[in-house]
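See below for final.cif, which holds mmCIF, C-alpha atoms.
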data_structure
loop_
_atom_site.label_atom_id
_atom_site.label_comp_id
_atom_site.auth_asym_id
_atom_site.auth_seq_id
_atom_site.Cartn_x
_atom_site.Cartn_y
_atom_site.Cartn_z
CA MET A 1 -11.75 -29.24 19.68
CA ASN A 2 -15.38 -29.64 20.54
CA GLU A 3 -18.19 -29.25 18.07
CA LEU A 4 -19.09 -25.67 18.98
CA ALA A 5 -15.47 -24.56 18.70
CA GLU A 6 -15.13 -26.28 15.34
CA GLN A 7 -18.24 -24.52 14.15
CA LYS A 8 -16.76 -21.16 15.12
CA VAL A 9 -13.51 -21.93 13.33
CA ASN A 10 -15.35 -23.00 10.19
CA GLN A 11 -17.42 -19.84 10.29
CA TYR A 12 -14.26 -17.74 10.66
CA LEU A 13 -12.57 -19.47 7.72
CA ALA A 14 -15.68 -19.23 5.55
CA GLU A 15 -15.91 -15.52 6.18
CA LEU A 16 -12.21 -15.06 5.52
CA GLY A 17 -12.54 -17.02 2.28
CA SER A 18 -15.46 -15.00 0.97
CA ASN A 19 -13.68 -11.74 1.81
CA LEU A 20 -10.58 -12.94 -0.04
CA ARG A 21 -12.38 -13.27 -3.36
CA PRO A 22 -10.19 -10.78 -5.32
CA VAL A 23 -7.10 -12.79 -4.33
CA PRO A 24 -6.10 -15.45 -6.95
CA LEU A 25 -7.61 -18.85 -6.18
CA ALA A 26 -4.40 -20.80 -5.52
CA GLU A 27 -3.12 -18.09 -3.19
CA ARG A 28 -6.48 -17.85 -1.44
CA GLU A 29 -6.54 -21.57 -0.74
CA GLU A 30 -3.03 -21.43 0.64
CA VAL A 31 -3.95 -18.52 2.93
CA LEU A 32 -6.93 -20.45 4.27
CA ARG A 33 -4.82 -23.55 4.85
CA GLU A 34 -2.19 -21.53 6.66
CA ILE A 35 -4.67 -19.70 8.89
CA ALA A 36 -6.44 -23.00 9.64
CA ALA A 37 -3.10 -24.50 10.69
CA HIS A 38 -2.45 -21.45 12.88
CA ILE A 39 -5.81 -21.81 14.64
CA ARG A 40 -5.22 -25.53 15.16
CA ASP A 41 -1.71 -25.02 16.54
CA CYS A 42 -2.90 -22.26 18.88
CA SER A 43 -5.77 -24.27 20.26
CA GLU A 44 -3.51 -27.30 20.76
CA GLU A 45 -1.07 -25.16 22.73
CA GLY A 46 -3.81 -24.92 25.30
CA GLY A 47 -4.34 -22.10 27.73
CA SER A 48 -6.65 -20.05 25.58
CA SER A 49 -10.19 -20.56 24.40
CA ILE A 50 -11.03 -20.69 20.72
CA GLU A 51 -12.65 -17.25 21.06
CA THR A 52 -9.36 -15.81 22.29
CA VAL A 53 -7.41 -17.49 19.49
CA LEU A 54 -9.76 -16.06 16.85
CA ASP A 55 -9.84 -12.69 18.60
CA ARG A 56 -6.07 -12.41 18.49
CA LEU A 57 -6.05 -13.15 14.78
CA GLY A 58 -8.27 -10.12 14.20
CA SER A 59 -11.61 -10.13 12.41
CA PRO A 60 -11.74 -12.08 9.14
CA GLN A 61 -12.70 -8.84 7.35
CA GLU A 62 -9.64 -7.00 8.65
CA LEU A 63 -7.32 -9.88 7.90
CA ALA A 64 -8.71 -10.32 4.37
CA ALA A 65 -8.43 -6.59 3.71
CA GLN A 66 -4.66 -6.73 4.22
CA TYR A 67 -4.29 -9.53 1.68
CA ARG A 68 -6.61 -7.74 -0.74
CA THR A 69 -4.62 -4.50 -0.60
CA ASP A 70 -1.40 -6.38 -1.37
CA THR A 71 -3.05 -8.23 -4.27
CA LEU A 72 -4.48 -5.01 -5.71
CA ILE A 73 -1.12 -3.25 -5.57
CA ARG A 74 0.68 -6.22 -7.09
CA LYS A 75 -1.84 -6.39 -9.95
CA ALA A 76 -1.75 -2.63 -10.52
CA THR A 77 2.02 -2.26 -10.67
CA GLY A 78 2.12 -5.02 -13.28
CA SER A 79 -0.54 -3.52 -15.50
CA PHE A 80 -1.16 -0.48 -17.65
CA SER A 81 -4.84 -0.17 -16.74
CA PRO A 82 -5.65 3.36 -15.53
CA LEU A 83 -8.62 2.02 -13.58
CA LEU A 84 -6.53 -0.53 -11.68
CA LEU A 85 -3.75 1.99 -11.04
CA LEU A 86 -6.19 4.59 -9.74
CA ARG A 87 -7.88 2.02 -7.52
CA ALA A 88 -4.53 1.00 -6.02
CA ALA A 89 -3.54 4.64 -5.58
CA GLY A 90 -6.92 5.27 -3.99
CA ARG A 91 -6.21 2.49 -1.50
CA LEU A 92 -2.87 4.09 -0.67
CA ALA A 93 -4.56 7.48 -0.35
CA THR A 94 -6.56 6.23 2.63
CA LYS A 95 -3.34 5.28 4.43
CA SER A 96 -1.05 8.27 4.28
CA ALA A 97 -0.48 11.75 2.93
CA ALA A 98 2.13 10.47 0.47
CA GLY A 99 -0.40 7.93 -0.80
CA PHE A 100 -2.91 10.70 -1.27
CA ALA A 101 -0.36 12.71 -3.26
CA ILE A 102 0.17 9.73 -5.59
CA PHE A 103 -3.56 9.39 -6.06
CA LEU A 104 -3.91 13.12 -6.78
CA CYS A 105 -1.08 12.99 -9.34
CA GLY A 106 -2.72 10.05 -11.10
CA PHE A 107 -6.18 11.57 -10.94
CA ILE A 108 -5.15 14.96 -12.34
CA GLY A 109 -2.98 13.37 -15.04
CA TYR A 110 -5.77 11.08 -16.25
CA LEU A 111 -8.30 13.91 -16.04
CA ALA A 112 -6.10 16.13 -18.22
CA GLY A 113 -5.46 13.31 -20.71
CA ALA A 114 -9.13 12.40 -20.92
CA GLY A 115 -10.03 16.11 -21.18
CA PHE A 116 -7.82 16.60 -24.24
CA ILE A 117 -9.24 13.55 -25.94
CA ILE A 118 -12.82 14.62 -25.20
CA THR A 119 -12.20 18.09 -26.67
CA ALA A 120 -10.66 16.44 -29.75
CA LEU A 121 -13.77 14.31 -30.20
CA LEU A 122 -16.06 17.32 -29.69
CA LYS A 123 -14.18 19.54 -32.14
CA PRO A 124 -16.15 18.43 -35.23
CA PHE A 125 -19.40 19.25 -33.42
CA LEU A 126 -18.34 22.49 -31.70
CA PRO A 127 -15.79 23.87 -34.19
CA ARG A 128 -16.31 27.46 -33.05
CA LEU A 129 -15.81 26.74 -29.36
CA ILE A 130 -12.90 24.32 -29.30
CA GLY A 131 -9.40 25.01 -30.51
CA LEU A 132 -6.16 26.76 -29.73
CA TRP A 133 -7.19 30.29 -28.93
CA VAL A 134 -4.60 33.01 -29.31
CA GLY A 135 -4.96 36.72 -28.67
CA PRO A 136 -3.19 39.71 -27.11
CA HIS A 137 -3.68 38.39 -23.61
CA ALA A 138 -4.77 34.87 -24.19
CA PHE A 139 -3.37 31.47 -25.07
CA THR A 140 -5.84 28.72 -24.32
CA PHE A 141 -5.87 25.18 -25.56
CA GLY A 142 -9.35 23.74 -25.22
CA LEU A 143 -12.78 25.33 -24.90
CA TRP A 144 -13.22 29.05 -25.38
CA VAL A 145 -16.51 30.91 -25.11
CA HIS A 146 -16.32 34.46 -26.36
CA GLY A 147 -17.10 36.98 -23.69
CA SER A 148 -17.07 34.56 -20.78
CA GLY A 149 -13.63 32.93 -20.91
CA GLY A 150 -11.99 29.59 -21.50
CA PHE A 151 -11.66 26.13 -20.06
CA GLY A 152 -8.46 24.35 -20.88
CA ILE A 153 -4.72 24.61 -20.59
CA GLY A 154 -3.26 28.10 -20.88
CA TRP A 155 -4.11 31.56 -19.69
CA TYR A 156 -6.39 34.41 -20.61
CA THR A 157 -7.52 37.73 -19.26
CA ALA A 158 -11.18 38.44 -19.63
CA ASP A 159 -10.85 41.99 -20.93
CA GLN A 160 -12.06 43.71 -24.08
CA ALA A 161 -9.24 42.06 -26.00
CA ALA A 162 -11.21 38.84 -25.77
CA ALA A 163 -13.01 39.94 -28.90
CA SER A 164 -9.77 39.70 -30.86
CA VAL A 165 -8.96 36.20 -29.62
CA HIS A 166 -8.99 33.80 -32.55
CA GLU A 167 -8.52 30.13 -33.19
CA VAL A 168 -5.38 29.08 -35.06
CA LEU A 169 -5.34 25.30 -35.51
CA GLY A 170 -8.59 24.52 -37.29
CA LEU A 171 -9.14 20.77 -37.70
CA TRP A 172 -5.48 20.15 -36.91
CA TYR A 173 -6.65 20.67 -33.34
CA ILE A 174 -8.03 17.12 -33.36
CA LEU A 175 -4.65 15.60 -34.13
CA VAL A 176 -2.78 17.81 -31.66
CA ALA A 177 -5.28 17.23 -28.84
CA LEU A 178 -5.36 13.45 -29.40
CA THR A 179 -1.56 13.34 -29.32
CA LEU A 180 -1.35 15.49 -26.22
CA GLY A 181 -4.09 13.43 -24.54
CA GLY A 182 -2.27 10.21 -25.39
CA ILE A 183 1.00 11.54 -24.04
CA PHE A 184 -0.71 12.61 -20.82
CA LEU A 185 -2.35 9.20 -20.34
CA TYR A 186 0.88 7.37 -21.09
CA LEU A 187 3.06 9.48 -18.80
CA THR A 188 0.50 9.41 -16.00
CA THR A 189 0.37 5.62 -16.21
CA LEU A 190 4.15 5.30 -16.07
CA ALA A 191 4.45 7.82 -13.24
CA THR A 192 1.66 6.29 -11.15
CA ARG A 193 3.07 2.77 -11.58
CA HIS A 194 6.51 3.97 -10.64
CA LEU A 195 5.29 5.91 -7.60
CA ILE A 196 3.17 3.02 -6.30
CA ARG A 197 6.13 0.68 -6.69
CA ALA A 198 8.58 3.04 -5.05
CA PHE A 199 6.13 3.67 -2.26
CA THR A 200 5.36 0.04 -1.50
CA ARG A 201 8.77 -1.49 -2.00
CA GLY A 202 12.06 -0.62 -0.40
CA ARG A 203 14.02 -0.55 -3.61
CA ASN A 204 16.68 1.78 -2.32
CA GLN A 205 18.07 2.89 0.96
CA ALA A 206 16.42 6.30 0.90
CA SER A 207 12.87 5.09 0.50
CA LEU A 208 13.49 2.29 2.96
CA HIS A 209 14.75 4.73 5.49
CA TRP A 210 11.86 7.04 4.93
CA ARG A 211 9.29 4.29 5.16
CA GLN A 212 10.67 3.03 8.43
CA THR A 213 10.68 6.53 9.80
CA LEU A 214 7.06 6.99 8.95
CA GLY A 215 6.22 3.48 10.02
CA THR A 216 4.21 2.90 6.89
CA SER A 217 5.81 -0.19 5.44
CA GLN A 218 3.55 -2.60 7.27
CA LEU A 219 0.42 -0.65 6.46
CA LEU A 220 0.86 -1.53 2.85
CA MET B 221 -14.01 13.04 28.52
CA LYS B 222 -11.72 12.30 25.61
CA LYS B 223 -8.07 13.06 26.07
CA PRO B 224 -6.62 13.49 22.61
CA GLU B 225 -3.18 14.42 23.93
CA SER B 226 -2.73 10.95 25.45
CA GLU B 227 -3.98 9.19 22.30
CA ILE B 228 -1.33 10.61 20.02
CA PRO B 229 1.69 8.86 21.60
CA GLU B 230 -0.25 5.58 21.67
CA ARG B 231 -1.05 5.76 18.00
CA TRP B 232 2.48 6.80 17.23
CA GLU B 233 3.83 3.85 19.16
CA ALA B 234 1.56 1.48 17.27
CA GLN B 235 2.81 2.87 13.95
CA LEU B 236 6.40 2.57 15.07
CA ARG B 237 5.86 -1.09 15.86
CA LYS B 238 4.07 -1.77 12.61
CA GLY B 239 6.97 -0.23 10.70
CA ALA B 240 9.45 -2.49 12.44
CA ILE B 241 7.58 -5.77 11.95
CA GLU B 242 8.75 -6.40 8.39
CA MET B 243 12.38 -6.13 9.45
CA ALA B 244 11.70 -8.20 12.57
CA ALA B 245 10.11 -10.99 10.51
CA LEU B 246 13.13 -11.13 8.20
CA ALA B 247 15.45 -11.09 11.21
CA ALA B 248 13.50 -13.91 12.86
CA LEU B 249 14.18 -16.10 9.81
CA TRP B 250 17.91 -15.36 9.83
CA GLY B 251 18.55 -18.50 11.87
CA GLY B 252 16.61 -20.82 9.57
CA ARG B 253 13.12 -21.71 8.46
CA LEU B 254 10.13 -21.13 10.74
CA TYR B 255 6.36 -21.33 10.34
CA GLY B 256 4.00 -18.43 11.04
CA LEU B 257 3.20 -19.19 14.66
CA GLU B 258 6.90 -19.75 15.44
CA ILE B 259 7.68 -16.34 13.98
CA ILE B 260 4.96 -14.75 16.11
CA ARG B 261 6.26 -16.48 19.27
CA PHE B 262 9.83 -15.53 18.37
CA LEU B 263 8.84 -11.87 18.05
CA GLU B 264 6.96 -12.03 21.35
CA CYS B 265 10.01 -13.46 23.11
CA HIS B 266 12.64 -11.17 21.65
CA SER B 267 10.84 -7.89 21.25
CA GLN B 268 7.88 -5.87 22.42
CA LEU B 269 6.40 -6.08 18.96
CA VAL B 270 3.17 -7.44 20.37
CA LEU B 271 0.80 -7.53 17.46
CA ALA B 272 -2.56 -8.77 16.43
CA GLU B 273 -1.38 -12.22 15.39
CA GLY B 274 -3.18 -11.98 12.08
CA THR B 275 -1.08 -9.09 10.81
CA ILE B 276 2.04 -11.22 10.42
CA TYR B 277 0.50 -13.54 7.81
CA PRO B 278 -0.26 -10.94 5.12
CA ILE B 279 3.24 -9.52 5.66
CA LEU B 280 4.81 -12.96 5.11
CA ASN B 281 2.64 -13.42 2.04
CA ARG B 282 3.77 -10.09 0.62
CA LEU B 283 7.45 -10.73 1.38
CA LYS B 284 7.09 -14.03 -0.46
CA ALA B 285 5.40 -12.37 -3.45
CA GLU B 286 8.24 -9.87 -3.57
CA GLY B 287 10.81 -12.62 -3.61
CA SER B 288 12.31 -12.09 -0.15
CA LEU B 289 10.97 -15.38 1.19
CA THR B 290 10.18 -18.85 -0.07
CA SER B 291 7.78 -21.24 1.57
CA GLU B 292 7.20 -24.97 1.75
CA TRP B 293 4.57 -27.12 3.35
CA VAL B 294 6.06 -29.57 5.81
CA GLU B 295 4.13 -32.45 7.36
CA ALA B 296 4.51 -32.22 11.15
CA GLU B 297 4.25 -34.98 13.76
CA ALA B 298 1.15 -33.10 14.92
CA GLY B 299 -0.60 -34.55 11.90
CA HIS B 300 -1.22 -31.42 9.84
CA PRO B 301 1.21 -29.66 7.53
CA ARG B 302 2.68 -26.27 8.36
CA LYS B 303 3.86 -23.57 6.02
CA TYR B 304 7.54 -22.90 6.66
CA TYR B 305 9.20 -19.73 5.45
CA SER B 306 12.87 -19.16 4.73
CA LEU B 307 14.94 -16.26 3.45
CA THR B 308 15.98 -16.10 -0.18
CA PRO B 309 19.31 -14.45 -1.06
CA ALA B 310 17.28 -11.34 -2.00
CA GLY B 311 15.59 -11.52 1.38
CA GLU B 312 18.93 -11.71 3.16
CA GLU B 313 20.11 -8.67 1.26
CA ARG B 314 16.94 -6.85 2.14
CA ALA B 315 17.29 -7.72 5.82
CA ARG B 316 20.87 -6.42 5.77
CA GLN B 317 19.79 -3.17 4.15
CA MET B 318 16.90 -2.68 6.54
CA VAL B 319 19.04 -3.36 9.58
CA ALA B 320 21.72 -0.95 8.36
CA ALA B 321 19.11 1.76 7.79
CA TRP B 322 17.58 1.05 11.17
CA VAL B 323 20.90 1.26 13.02
CA GLU B 324 21.85 4.47 11.27
CA PHE B 325 18.46 5.96 12.00
CA SER B 326 18.40 5.06 15.68
CA ARG B 327 21.98 6.26 16.16
CA GLY B 328 20.99 9.66 14.81
CA LEU B 329 17.91 9.77 16.98
CA GLY B 330 19.88 8.66 20.03
CA LYS B 331 21.93 11.83 19.88
CA LEU B 332 18.86 13.93 19.29
CA ILE B 333 16.96 12.66 22.32
CA GLU B 334 19.96 12.82 24.73
CA PRO B 335 18.93 16.21 26.20
CA VAL B 336 15.44 14.86 26.89
CA LEU B 337 16.87 11.80 28.69
CA GLU B 338 19.29 13.95 30.71
CA GLY B 339 16.48 16.30 31.65
CA GLU B 340 14.48 13.32 32.91
CA GLU B 341 17.38 12.14 35.07
CA ALA B 342 17.98 15.59 36.51
CA ARG B 343 14.36 15.69 37.63
CA LYS B 344 14.65 12.47 39.64
#
Could I get this file's structure written as structure tokens?
Amino acid sequence: MNELAEQKVNQYLAELGSNLRPVPLAEREEVLREIAAHIRDCSEEGGSSIETVLDRLGSPQELAAQYRTDTLIRKATGSFSPLLLLRAAGRLATKSAAGFAIFLCGFIGYLAGAGFIITALLKPFLPRLIGLWVGPHAFTFGLWVHGSGGFGIGWYTADQAAASVHEVLGLWYILVALTLGGIFLYLTTLATRHLIRAFTRGRNQASLHWRQTLGTSQLL
Amino acid sequence: MKKPESEIPERWEAQLRKGAIEMAALAALWGGRLYGLEIIRFLECHSQLVLAEGTIYPILNRLKAEGSLTSEWVEAEAGHPRKYYSLTPAGEERARQMVAAWVEFSRGLGKLIEPVLEGEEARK
């Protein structure tokens, strides 16, 4: 390898390395060693220039992105962090419709859980707006503004009966909403973890079959 | 002018190949340990799974993280070590499952596409 070629290889590896930063150090070093060995073997085979060899590997950004996605998914499926799980689901969402569905499920679940907890925390400050509102045509858990409707889980019809809608839980609302919020966050975490795992790993025949059909297994 | 109707089969074909690579990599290792470039050359020889060479390495890395492969660095006569991969028992099981699913799938499709093939022959 001449000096110019060596310079190009070093530049490629440096760029790959800096793009691999989220990957654990030991693994990153091994990847770099392996890719360096690949480049060396290819150039010793002869027949193709160093540009061709690097070209066929793909850009260092693209190559690093594949390792990063795998690392992110591995970290996420082993953790209970909503942020990490949503990030991994978000990565899947860019790849396929099923990935997007997983992301949506996680997003809505966390939103609902966080919403309950926020209303619980706001209850002491807005006692006349937040609660479990019950009336002839209404059952709303969350925020209720007389005359204009509600924002929460349940249903209501904005008719004259709204005037007779009343709150039934009082301060117990805080306990109920915190519990419901916690349950939502917990179940969403379990479901998202499970879905990401099932989606990225061929645990059983059915998902394997399905993944091959869609041709998505490599994309992940 | 763009011709979207001719782009769709191309993209589809690329996806089809990508989906098969994982199985192909496991199958390539069925006969014993190989290093990355050997796997790439093996796939080039035995299939039309022509791929950007880089894509195989993250796949091998993931298969290893999932326990389907193990790896070891072996010092070559060439003077630099190479990372050899081999199948673990879990990897062998996975390869078997994937191949079975693949065979079943293509058998089903074979029947489905028969009329299209026959129509092609009748036209000739």
- Query: Expressed in Å to a single decimal, how great is the separation between CA of Ala14 in chain A and CA of Tyr305 in chain B?
  - Reply: 24.9 Å
- Message: For Asp41 in chain A, find every residue with an atom within 10 Å (counting all atoms listed in the file), except residues of its own chain fewer than 2 positions away, and show them as a ChimeraX atom specification.
- Response: /A:35-39,43-46,53 /B:257,298,300,302
For chain B, report every residue with an atom at most 9 Å from chain A (counting all atoms listed in the file), formatted as a PDB file with C-alpha atoms, in the frame of the given file.
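Ended up saving to iface_18.pdb:
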ATOM      1  CA  TRP B 232       2.480   6.800  17.230  1.00  0.00           C
ATOM      2  CA  ALA B 234       1.560   1.480  17.270  1.00  0.00           C
ATOM      3  CA  GLN B 235       2.810   2.870  13.950  1.00  0.00           C
ATOM      4  CA  LEU B 236       6.400   2.570  15.070  1.00  0.00           C
ATOM      5  CA  ARG B 237       5.860  -1.090  15.860  1.00  0.00           C
ATOM      6  CA  LYS B 238       4.070  -1.770  12.610  1.00  0.00           C
ATOM      7  CA  GLY B 239       6.970  -0.230  10.700  1.00  0.00           C
ATOM      8  CA  ALA B 240       9.450  -2.490  12.440  1.00  0.00           C
ATOM      9  CA  ILE B 241       7.580  -5.770  11.950  1.00  0.00           C
ATOM     10  CA  GLU B 242       8.750  -6.400   8.390  1.00  0.00           C
ATOM     11  CA  GLY B 256       4.000 -18.430  11.040  1.00  0.00           C
ATOM     12  CA  LEU B 257       3.200 -19.190  14.660  1.00  0.00           C
ATOM     13  CA  LEU B 271       0.800  -7.530  17.460  1.00  0.00           C
ATOM     14  CA  ALA B 272      -2.560  -8.770  16.430  1.00  0.00           C
ATOM     15  CA  GLU B 273      -1.380 -12.220  15.390  1.00  0.00           C
ATOM     16  CA  GLY B 274      -3.180 -11.980  12.080  1.00  0.00           C
ATOM     17  CA  THR B 275      -1.080  -9.090  10.810  1.00  0.00           C
ATOM     18  CA  TYR B 277       0.500 -13.540   7.810  1.00  0.00           C
ATOM     19  CA  PRO B 278      -0.260 -10.940   5.120  1.00  0.00           C
ATOM     20  CA  ILE B 279       3.240  -9.520   5.660  1.00  0.00           C
ATOM     21  CA  ASN B 281       2.640 -13.420   2.040  1.00  0.00           C
ATOM     22  CA  ARG B 282       3.770 -10.090   0.620  1.00  0.00           C
ATOM     23  CA  ALA B 285       5.400 -12.370  -3.450  1.00  0.00           C
ATOM     24  CA  GLU B 286       8.240  -9.870  -3.570  1.00  0.00           C
ATOM     25  CA  ALA B 298       1.150 -33.100  14.920  1.00  0.00           C
ATOM     26  CA  HIS B 300      -1.220 -31.420   9.840  1.00  0.00           C
ATOM     27  CA  PRO B 301       1.210 -29.660   7.530  1.00  0.00           C
ATOM     28  CA  ARG B 302       2.680 -26.270   8.360  1.00  0.00           C
ATOM     29  CA  LYS B 303       3.860 -23.570   6.020  1.00  0.00           C
ATOM     30  CA  ARG B 314      16.940  -6.850   2.140  1.00  0.00           C
ATOM     31  CA  GLN B 317      19.790  -3.170   4.150  1.00  0.00           C
ATOM     32  CA  MET B 318      16.900  -2.680   6.540  1.00  0.00           C
ATOM     33  CA  ALA B 321      19.110   1.760   7.790  1.00  0.00           C
ATOM     34  CA  TRP B 322      17.580   1.050  11.170  1.00  0.00           C
ATOM     35  CA  PHE B 325      18.460   5.960  12.000  1.00  0.00           C
TER      36      PHE B 325
END
- What is the CA of Met243 in chain B to CA of Val319 in chain B distance in Å?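 Straight-line distance from CA of Met243 in chain B to CA of Val319 in chain B works out to 7.2 Å.
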- Query: To one decimal place, how far is CA of Phe116 in chain A from CA of Leu72 in chain A in Å?
  - Reply: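 It comes out at 28.7 Å.
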- Run the PyMOL selection byres ((chain A and resi 120) around 9) mentally over the shown coordinates, then write out the matched residues as a list in words, using the chain letters and numbers from the document.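 Selected by the PyMOL selection byres ((chain A and resi 120) around 9) here: Gly115, Phe116, Ile117, Ile118, Thr119, Leu121, Leu122, Lys123, Pro124, Ile130, Gly131, Gly142, Tyr173, Ile174, Leu175, Val176, Ala177, Leu178 and Gly181 of chain A.
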